[in-house]
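**Q** Okay, handing you the structure first.
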Amino acid sequence: MNITPLFAIALLLPSITTNHKIQYGIPISLMLFKDVFLGFHSLMIPVYGCMLLFVLLGRHISNTIAATVIGVLIWHVVVNYAVWAIYGGSLLQTYIQAIPFDFNLMVSTLLCVMIGKLCIKYYYHYYLYY
């Protein structure tokens with residue numbers, strides 16, 4: 001389940017449009033579309049909640065790097081708590097074992113956010129001013 005580009009889209013949509021329905025609708029629609037083909041799962045509520053949180057972070061934090069790091073840290077706490085609550089085991093062990101995966105999530109989300117920001121900047125500079 002690679003949701004890195006979806007997190008980047010959710011984080012950058014508020015810088016593209018002020019329409020709240022589009023800001024929240026597109027990421028959730030993309031997640032539902034993905035889940036239709038890849039399968040629904042027991043962690044949908046925390047995952048979708050974190051997706052909506054990325055939109056909120058994009059709306060209220062202008063520094064996208066900070067917003068990405070905060071979002072992924074919240075993802076780490078919320079989703080791995082849900083994994084522990086559903087499947088059991090040690091909570092601390094669940095958090096520790098998820099660190100490599102969530103670190104990769106942070107790095108790849110930061111990369112997608114930076115590429116997205118460059119694309120938005122390029123679009124505004126070359127297509128809207130001519």
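Ligands are numbered from 1 in the order shown, chains are lettered A, B, ... in the order of the structure tokens, and residues start at 1 in each chain.
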For Ile99 of chain A, find every residue with an atom within 8 Å (counting only C-alpha atoms), except residues of its own chain fewer than 4 positions away, and show them as a PDB file with N, CA and C atoms, in the first residue's frame.
**A**
```pdb
ATOM      1  N   HIS A  76       2.381   7.790  12.355  1.00  0.00           N
ATOM      2  CA  HIS A  76       3.091   6.737  13.086  1.00  0.00           C
ATOM      3  C   HIS A  76       2.377   6.400  14.389  1.00  0.00           C
ATOM      4  N   TYR A  95       5.413   0.009  17.849  1.00  0.00           N
ATOM      5  CA  TYR A  95       5.982   1.292  17.435  1.00  0.00           C
ATOM      6  C   TYR A  95       7.421   1.136  16.947  1.00  0.00           C
ATOM      7  N   PHE A 103       9.772   5.717   8.509  1.00  0.00           N
ATOM      8  CA  PHE A 103      10.869   6.570   8.045  1.00  0.00           C
ATOM      9  C   PHE A 103      10.873   6.615   6.521  1.00  0.00           C
TER      10      PHE A 103
END
```
**Q** Tell me which protein, DNA and RNA residues are within 8 Å of Ser15 of chain A, counting only C-alpha atoms, leaving out same-chain ones fewer than 2 positions away, and put them as a list in words.
**A** Leu12, Leu13, Thr17, Thr18, Gly58 and Arg59 of chain A
**Q** Generate the output file for the selected residues, C-alpha atoms, as a PDB file, in the first residue's frame.
**A**
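Everything below was put into selection.pdb:
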```pdb
ATOM      1  CA  LEU A  12      -0.626  20.361  -1.512  1.00  0.00           C
ATOM      2  CA  LEU A  13      -4.285  20.675  -2.541  1.00  0.00           C
ATOM      3  CA  THR A  17      -7.630  25.524  -4.518  1.00  0.00           C
ATOM      4  CA  THR A  18      -9.661  27.170  -1.782  1.00  0.00           C
ATOM      5  CA  GLY A  58      -1.733  21.729   4.344  1.00  0.00           C
ATOM      6  CA  ARG A  59      -4.361  24.357   5.121  1.00  0.00           C
TER       7      ARG A  59
END
```
**Q** Record the distance separating atom CA of Ile61 of chain A and atom CA of Ile28 of chain A, expressed in Å with one decimal.
**A**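 Atom CA of Ile28 of chain A lies at a distance of 20.4 Å from atom CA of Ile61 of chain A.
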**Q** Quick one: residues within 10 Å of segment 40-56 of chain A, only C-alpha atoms, excluding same-chain residues fewer than 4 positions away - as a PyMOL selection string?
**A** chain A and resi 3+6-14+20+23-25+27-28+31-32+34-36+60-61+67-68+70-72+74-76+78-83+86
**Q** One number please: atom CA of Asn2 of chain A to atom CA of Thr109 of chain A, in Å, one decimal.
**A**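 These two atoms are separated by 10.1 Å.
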**Q** Considering only C-alpha atoms, state which residue in the set A:Val77, A:His125, A:Ser29, A:Ser90 is at the smallest distance from Asp102 of chain A.
**A**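 The answer is A:Val77, which sits nearest to Asp102 of chain A.
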**Q** Report the residues of segment 6-44 of chain A whose backbone DSSP state falls under alpha helix (DSSP H), written as a ChimeraX atom specification.
**A** /A:6-16,20-38,44
**Q** Taking into account only C-alpha atoms, which residue in the set A:Ile120, A:Leu92, A:Val69, A:Leu30 is nearest to Pro5 of chain A?
**A**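 Looking at the shortest contact to Pro5 of chain A, the residue is A:Leu30.
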